[in-house]
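So the structure is just underneath, and the comments pick up after that.
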Amino acid sequence: MPRAARRYTAKLKFQVVIEALKGEKTPGQIAKAYGVHANSVGIWKHWFIERGPALFERGEVAKDD
């Protein structure tokens with residue numbers, strides 16, 4: 001019987017991504033410290049970089065000053 005996928009809070013994922021972006025530790029070290037799989041570190045970092053700009057959108061047109 002396959003194991004159910006573990007779910008992690010948004011806060012934990014954010015903390016992991018911040019650690020990964022700092023570049024002070026390897027994904028394996030970060031994964032071990034937070035109890036997640038090393039592949040998850042890379043996936044979450046990719047998602048954050050890809051979707052991060054949407055966090056700052058407000059539905060208004062940006063002006064280039």
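Identifiers in this document derive from the order of the structure tokens: chains are assigned A, B, ..., residues are numbered from 1 separately in each chain, and ligands are numbered from 1 in order of occurrence.
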
**Request:** Excluding range 44-53 of chain A and residues on its chain fewer than 3 positions from it, collect all residues at most 9 Å away from it, counting only C-alpha atoms, and give them as a ChimeraX atom specification.
**Result:** /A:13-14,16-18,20-21,39-41,56-57

Same residues, N, CA and C atoms, output as a short mmCIF file (atom, residue, chain, number, x, y, z; two decimals), in the first residue's frame:
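Written file, result.cif:
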```
data_model
loop_
_atom_site.label_atom_id
_atom_site.label_comp_id
_atom_site.auth_asym_id
_atom_site.auth_seq_id
_atom_site.Cartn_x
_atom_site.Cartn_y
_atom_site.Cartn_z
N LYS A 13 7.36 25.83 4.30
CA LYS A 13 7.88 25.91 2.94
C LYS A 13 8.61 27.23 2.72
N PHE A 14 8.04 28.31 3.23
CA PHE A 14 8.67 29.63 3.09
C PHE A 14 10.03 29.67 3.79
N VAL A 16 12.00 27.15 4.40
CA VAL A 16 12.91 26.30 3.64
C VAL A 16 13.43 27.07 2.42
N VAL A 17 12.54 27.74 1.72
CA VAL A 17 12.93 28.49 0.52
C VAL A 17 13.89 29.63 0.88
N ILE A 18 13.63 30.33 1.96
CA ILE A 18 14.53 31.41 2.39
C ILE A 18 15.93 30.85 2.66
N ALA A 20 17.22 28.20 1.33
CA ALA A 20 17.79 27.81 0.05
C ALA A 20 18.29 29.02 -0.73
N LEU A 21 17.55 30.12 -0.68
CA LEU A 21 17.96 31.33 -1.39
C LEU A 21 19.21 31.96 -0.80
N ASN A 39 14.52 16.92 -2.72
CA ASN A 39 13.85 17.34 -3.96
C ASN A 39 12.80 18.40 -3.69
N SER A 40 12.14 18.31 -2.55
CA SER A 40 11.12 19.30 -2.18
C SER A 40 11.73 20.69 -2.06
N VAL A 41 12.94 20.76 -1.54
CA VAL A 41 13.62 22.05 -1.39
C VAL A 41 13.75 22.72 -2.76
N PHE A 56 3.44 40.55 -5.38
CA PHE A 56 3.49 42.00 -5.29
C PHE A 56 2.52 42.71 -6.22
N GLU A 57 1.73 41.93 -6.95
CA GLU A 57 0.74 42.53 -7.84
C GLU A 57 -0.49 42.94 -7.04
#
```

**Message:** Residues near Val36 in chain A, anyone? I mean within 12 Å using only C-alpha atoms, not counting same-chain ones fewer than 4 positions away, as an MDAnalysis selection string.
**Reply:** chainID A and resid 5:9 12:13 15:17 27:32 40:44

**Request:** Can you check which residues of chain A DSSP gives as alpha helix (DSSP H) on the backbone and send them as a ChimeraX atom specification?
**Result:** /A:10-22,27-34,38-51

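CA of Leu55 in chain A sits 25.5 Å away from CA of His37 in chain A.
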